[in-house]
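Q: Can you keep this structure in mind? I'll have questions shortly.
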Amino acid sequence: MTKSNKSNISDALKDAGIEILTCLQCGTCSGSCPSGRYTGMITRKLVRMARVSTDVLHDPDLWMCTTCYTCQERCPREIKITDAILAIRAIAVHEGIMLPEHRKVSQLVLEHGHAVPINDAVKEKREHLGMEALPETVHKYPDALADVQTLLESCGFDKLVAGAQE
Ligand code: SF4
Ligand code: SF4
């Protein structure tokens with residue numbers, strides 16, 4: 001889902017085939033959420049916020065979901081909750097809203113072709129284990145990194161992850 005020009009999130013989700021207005025706020029999703037046990041995330045609240053305003057785009061809990069799909073499997077209204085969260089995240093990113101950590105990791109992927117680029121310590125460990133220092137990735141084939149970057153730029157990924165955090 002790309003940048004939304006809808007005045008509210010639920011309309012944008014509906015356009016993507018995700019209906020959240022049938023939510024009855026039963027809380028089954030929150031009660032089933034493994035992430036909610038360790039964070040302040042309340043799935044039911046995210047769904048409610050998404051129904052009424054675009055404030056959900058700025059709620060840090062939007063990024064606490066691990067996309068385990070437990071809530072989606074259990075929702076008595078068969079609401080595609082996890083798909084909705086992913087779609088809302090996509091809207092947020094297209095609005096320039098992203099956690100600094102995600103932006104950093106994305107920029108590493110763009111620059112190195114890896115979210116966690118290899119370092120000398122890992123190279124040494126690999127050799128100690130009898131492996132080649134570099135894995136069979138863009139680290140070993142630098143020409144392929146240019147191909148990865150071309151692909152990422154062709155879909156606008158570079159522009160999405162560039163720039164200052166809101
Ligand atoms: S389980 Fe479904 S109906 Fe119940 S609060 Fe969550 S989204 Fe709404
Ligand atoms: S998909 Fe996300 S919101 Fe749903 S139960 Fe799993 S972690 Fe919680």
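Following the order of the structure tokens, first chain is A, next is B, and so on, with residues numbered from 1 inside each chain and ligands from 1 in the order they appear.
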Give me the residues near Thr82 of chain A as a PyMOL selection string, where near means some atom within 9 Å (using only C-alpha atoms) and where sequence neighbours in that chain fewer than 5 positions away do not count.

A: chain A and resi 65+67-72+87

Q: Residues up to 10 Å from ligand 2, counting only C-alpha atoms and all ligand atoms: could you list those as a PyMOL selection string?

A: chain A and resi 28-37+41-44+46-47+61-75+80-86

Q: With only C-alpha atoms and all ligand atoms as the basis for distance, which of A:Lys159, A:His112, A:Arg51, A:His94 is at the shortest distance from ligand 1?

A: A:Arg51

Q: Got a sec to tell me which of segment 28-90 of chain A DSSP assigns to alpha helix (DSSP H), as an NGL selection string?

A: :A and (28-32 or 43-52 or 70-74 or 81-90)

Q: Excluding Glu132 of chain A and any residue of its chain fewer than 4 positions from it, enumerate the residues within 9 Å of it, using only C-alpha atoms, and give them as an MDAnalysis selection string.

A: chainID A and resid 123 126:127

Q: Quick one: residues within 12 Å of Asn8 of chain A, only C-alpha atoms, excluding same-chain residues fewer than 2 positions away - as a PyMOL selection string?

A: chain A and resi 4-6+10-15+20-21+49-57+88+91

Q: Would you list the contacts of Pro76 of chain A as a PDB file with C-alpha atoms, in the first residue's frame, taking every protein, DNA or RNA residue within 12 Å and counting only C-alpha atoms, but skipping same-chain residues closer than 6 positions in sequence?

A:
```pdb
ATOM      1  CA  THR A  22     -16.778  -4.704  11.843  1.00  0.00           C
ATOM      2  CA  CYS A  23     -14.544  -4.889  14.952  1.00  0.00           C
ATOM      3  CA  LEU A  24     -16.655  -5.289  18.076  1.00  0.00           C
ATOM      4  CA  GLN A  25     -13.780  -4.422  20.437  1.00  0.00           C
ATOM      5  CA  CYS A  26     -13.977  -7.811  22.126  1.00  0.00           C
ATOM      6  CA  GLY A  27     -10.262  -7.831  22.982  1.00  0.00           C
ATOM      7  CA  THR A  28      -9.607 -11.386  21.760  1.00  0.00           C
ATOM      8  CA  CYS A  29      -6.736 -10.028  19.697  1.00  0.00           C
TER       9      CYS A  29
END
```

Q: Taking only C-alpha atoms into account, name the residue in A:Ala144, A:Leu152, A:Met98, A:Leu134 that is nearest to Val122 of chain A.

A: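 Using only C-alpha atoms, Val122 of chain A sits closest to A:Leu134.
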
Q: For ligand 1, which of A:Asp158, A:Arg48, A:Thr39, A:Ile18 is the closest residue, counting only C-alpha atoms and all ligand atoms?

A: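 Looking only at the distances to ligand 1, the closest residue turns out to be A:Arg48.
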